[in-house]
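The next block holds one structure in the form of structure tokens; read it before the comments.
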Amino acid sequence: MQILRPKAWVLAKEGDLPMAVLDVWWLILLPVVGAIGAYLSWRAGGSPRAILLSIVFPVLPFLAAILLVLPVSLIFDKFIAHNIAPMSLIFALFGWVLAPAAALLAGGLTTQRFLPRRSGFAGVASR
């Protein structure tokens, strides 16, 4: 699989460590994942709030981890030998939360727009 897969786009200065790595195929696949999440939640009878939560759920653990680590990193930054940790967490927030959430929402909200709306009493009348 790694032989056939295209290489990720890497942002780095010549001779330095990479600052950002962007896997384009992963971002292209995320709208499909968001659309599948929206459809499955709708199919299970989820409310609009539950559908939205199922669309963005894959990025929530990363958001929680970054929001937990960032304040701790800022508090203990004086005692750490290198001070790149807060900036790298900001890059991680963009690369692991905001960009994937936008891609997931693009697919999920588009799918939600084309799904038929349910009335509140449809499930009660069929029983």
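Every chain in the structure tokens takes a letter, A first, then B, and so on in the order presented; its residues are numbered from 1, and the ligands are numbered from 1 following the presented order.
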
_Using only C-alpha atoms, which protein or nucleic acid residues come within 7 Å of region 99-106 of chain A? Drop anything in the same chain fewer than 5 positions from it, and give the result as JSON, numbers by chain._
{"A": [27, 30, 31, 33, 34, 55, 56, 59, 94]}

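Looking only at chain A, the set that DSSP places in strand (DSSP E or B) from backbone geometry is A:Trp9, A:Val10, A:Leu11, A:Ala20, A:Val21, A:Leu22.
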
*If you run DSSP on this backbone, which residues of chain A come out as helix (DSSP H, G or I), and could you give them as a PyMOL selection string?*
chain A and resi 24-43+48-79+85-114+122-125

_Counting only C-alpha atoms, the option among A:Val10, A:Leu109, A:Ala38, A:Leu67 closest to Leu89 (chain A)_ = A:Leu67

*Tell me, as a ChimeraX atom specification, which residues lie within 9 Å of Leu40 (chain A), counting only C-alpha atoms; anything in the same chain fewer than 6 positions away does not count.*
/A:46,51,54

_Atomic separation - CA of Ile90 (chain A) relative to CA of Ala65 (chain A), Å_ =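 Pair CA of Ala65 (chain A) / CA of Ile90 (chain A) returns 12.2 Å.
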
*Rounded to one decimal in Å, what is the spacing between CA of Phe57 (chain A) and CA of Lys7 (chain A)?*
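A separation of 26.8 Å between them.
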
_Two-atom distance - CA of Arg49 (chain A), CA of Ala92 (chain A) (Å)_ =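 Rounded to one decimal, the two atoms are 26.4 Å apart.
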
*For Ala35 (chain A), work out the shell of residues within 6 Å, counting only C-alpha atoms and skipping chain neighbours fewer than 2 positions away, then give it as a list in words.*
Val32, Val33, Gly37, Ala38, Gly107, Gly108 and Thr111 of chain A
